[in-house]
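Let me begin by presenting the structure, written as C-alpha cells, before commenting on it.
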Amino acid sequence: MTYSIIGTGNVGLTLAGFFAKNDIPVAVANTRGPSTVVSAVEGLGNSIQPSTIENALEADIIFFAVQFLNFKDVGKLRADWSGKIVIDVTNSAFLPPEVQEHELQGRLSSEVNADRVPGAQLVKAFNQLPMQGLTAPVPAGGRRVIFISSDHAEASAAVASLTQDLGFAPIEVGKIAEGGRLIQARNALVFQNLIKF
C-alpha cells in the first residue's frame, strides 16, 4: 500500500508526524504547490516525501486533511476515484447552522463527502479529537483509540491496519449511517479521548 496526505495545515502536518515517527513513507501535497510543501514538512523526517498533488492522488490510501468546505475542491481533482481509499478526517460540526443546512441537507457529512469522490471507498477516521489530543502523551503500555467507520469493510480493515502501524488502537464502529454516526459532528464518540491497554 502507498499513502498520501493532501493538506499541510495543522491536521496534515500532525498526521505526517505520525508517519515520520513510525518511519512509514507518505507523500504530502497541497493545492499551492511542492515548494510550499517542502518548507512545511522540513525537519519531519526522511519518510515524508514532499509531492505534487498529481503524484499524491496516485496513492492507494489518501488522507483528505482539509476543511470540510474544501473537501469538494479536492474531490474535483479526479473524475473517477475508483480503486482509492479516501480517509475523511473532516468535521462539519462547527460550521454555522445555515451553512450546515445548505451543505448537508439533512445528511451526515461523510455521506456527502462520499459522493464527492465517486468510485472511492471512503473511510471516516482521525476526526474524533483535535490534533493536540492525538499528540498528547499516552501512559506506558497504552495506545490512543481511533474510531473508524466505512461502508466498505475491506477499506475499513486496511485503514485499521495502517492506524495500528501509526501507533494507535483502531476500533471499527461499522457503517457510516450506523456506528459511524457516533463520530460525526457533535455525537457521542467525538472528543472521547480513550486509551487502550
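Just so we're on the same page: first chain in the C-alpha cells is A, next is B, and so on; residues restart at 1 for each chain, and ligands are numbered from 1 in the order they show up.
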| task | Excluding range 86-92 of chain A and residues on its chain fewer than 4 positions from it, collect all residues at most 9 Å away from it, counting only C-alpha atoms, and give them as a PyMOL selection string. | result | chain A and resi 11+60-69+71+81+100+104+109-110+113-114+117+120-128+155+159+184-185
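The protein and nucleic acid residues lying at most 6 Å from Ala27 in chain A are Ser4, Gln49, Pro50, Ser51 and Ala56 of chain A, with only C-alpha atoms considered and sequence neighbours fewer than 4 positions away removed.
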Residues from last step as file, C-alpha atoms, as a PDB file, in the first residue's frame:
```pdb
ATOM      1  CA  SER A   4      -0.527  10.288   0.827  1.00  0.00           C
ATOM      2  CA  GLN A  49       8.040  12.891   0.727  1.00  0.00           C
ATOM      3  CA  PRO A  50       7.039  16.379  -0.498  1.00  0.00           C
ATOM      4  CA  SER A  51       4.944  15.774  -3.573  1.00  0.00           C
ATOM      5  CA  ALA A  56      -0.305  12.320  -4.194  1.00  0.00           C
TER       6      ALA A  56
END
```
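Each of A:Gly174, A:Ser39, A:Ile195, A:Ile6 was compared to Pro139 in chain A using only C-alpha atoms, and A:Ile195 turns out to be the nearest.
Between CA of Gly167 in chain A and CA of Pro137 in chain A the interatomic distance comes to 12.1 Å.
Pairwise distance (CA of Ile148 in chain A, CA of Val173 in chain A) equals 5.9 Å.
Among the candidates A:Gly106, A:Val74, A:Leu44, A:Phe197, the residue lying nearest to Ala140 in chain A is A:Phe197 (atoms considered: only C-alpha atoms).
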| message | Using only C-alpha atoms, which protein or nucleic acid residues come within 10 Å of Leu134 in chain A? Drop anything in the same chain fewer than 5 positions from it, and give the result as number ranges by chain. | response | A: 14-15, 18, 126-129, 144-146, 168, 193
| field | range 11-182 of chain A: residues DSSP assigns to strand (DSSP E or B), reported as a ChimeraX atom specification | value | /A:26-29,48-50,61-64,85-88,121-125,143-150,169-172
| Nearby residues (only C-alpha atoms) at most 10 Å from Pro34 in chain A, same-chain spacing under 3 positions excluded, as a count of residues only | 12
| query | Can you list, as a ChimeraX atom specification, every residue of range 58-94 of chain A that DSSP puts in alpha helix (DSSP H)? | reply | /A:68-75
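Between Pro25 in chain A and the candidates A:Ala79, A:Ile48, A:Leu194, A:Ala169, the tightest atom-to-atom separation, counting only C-alpha atoms, involves A:Ile48.
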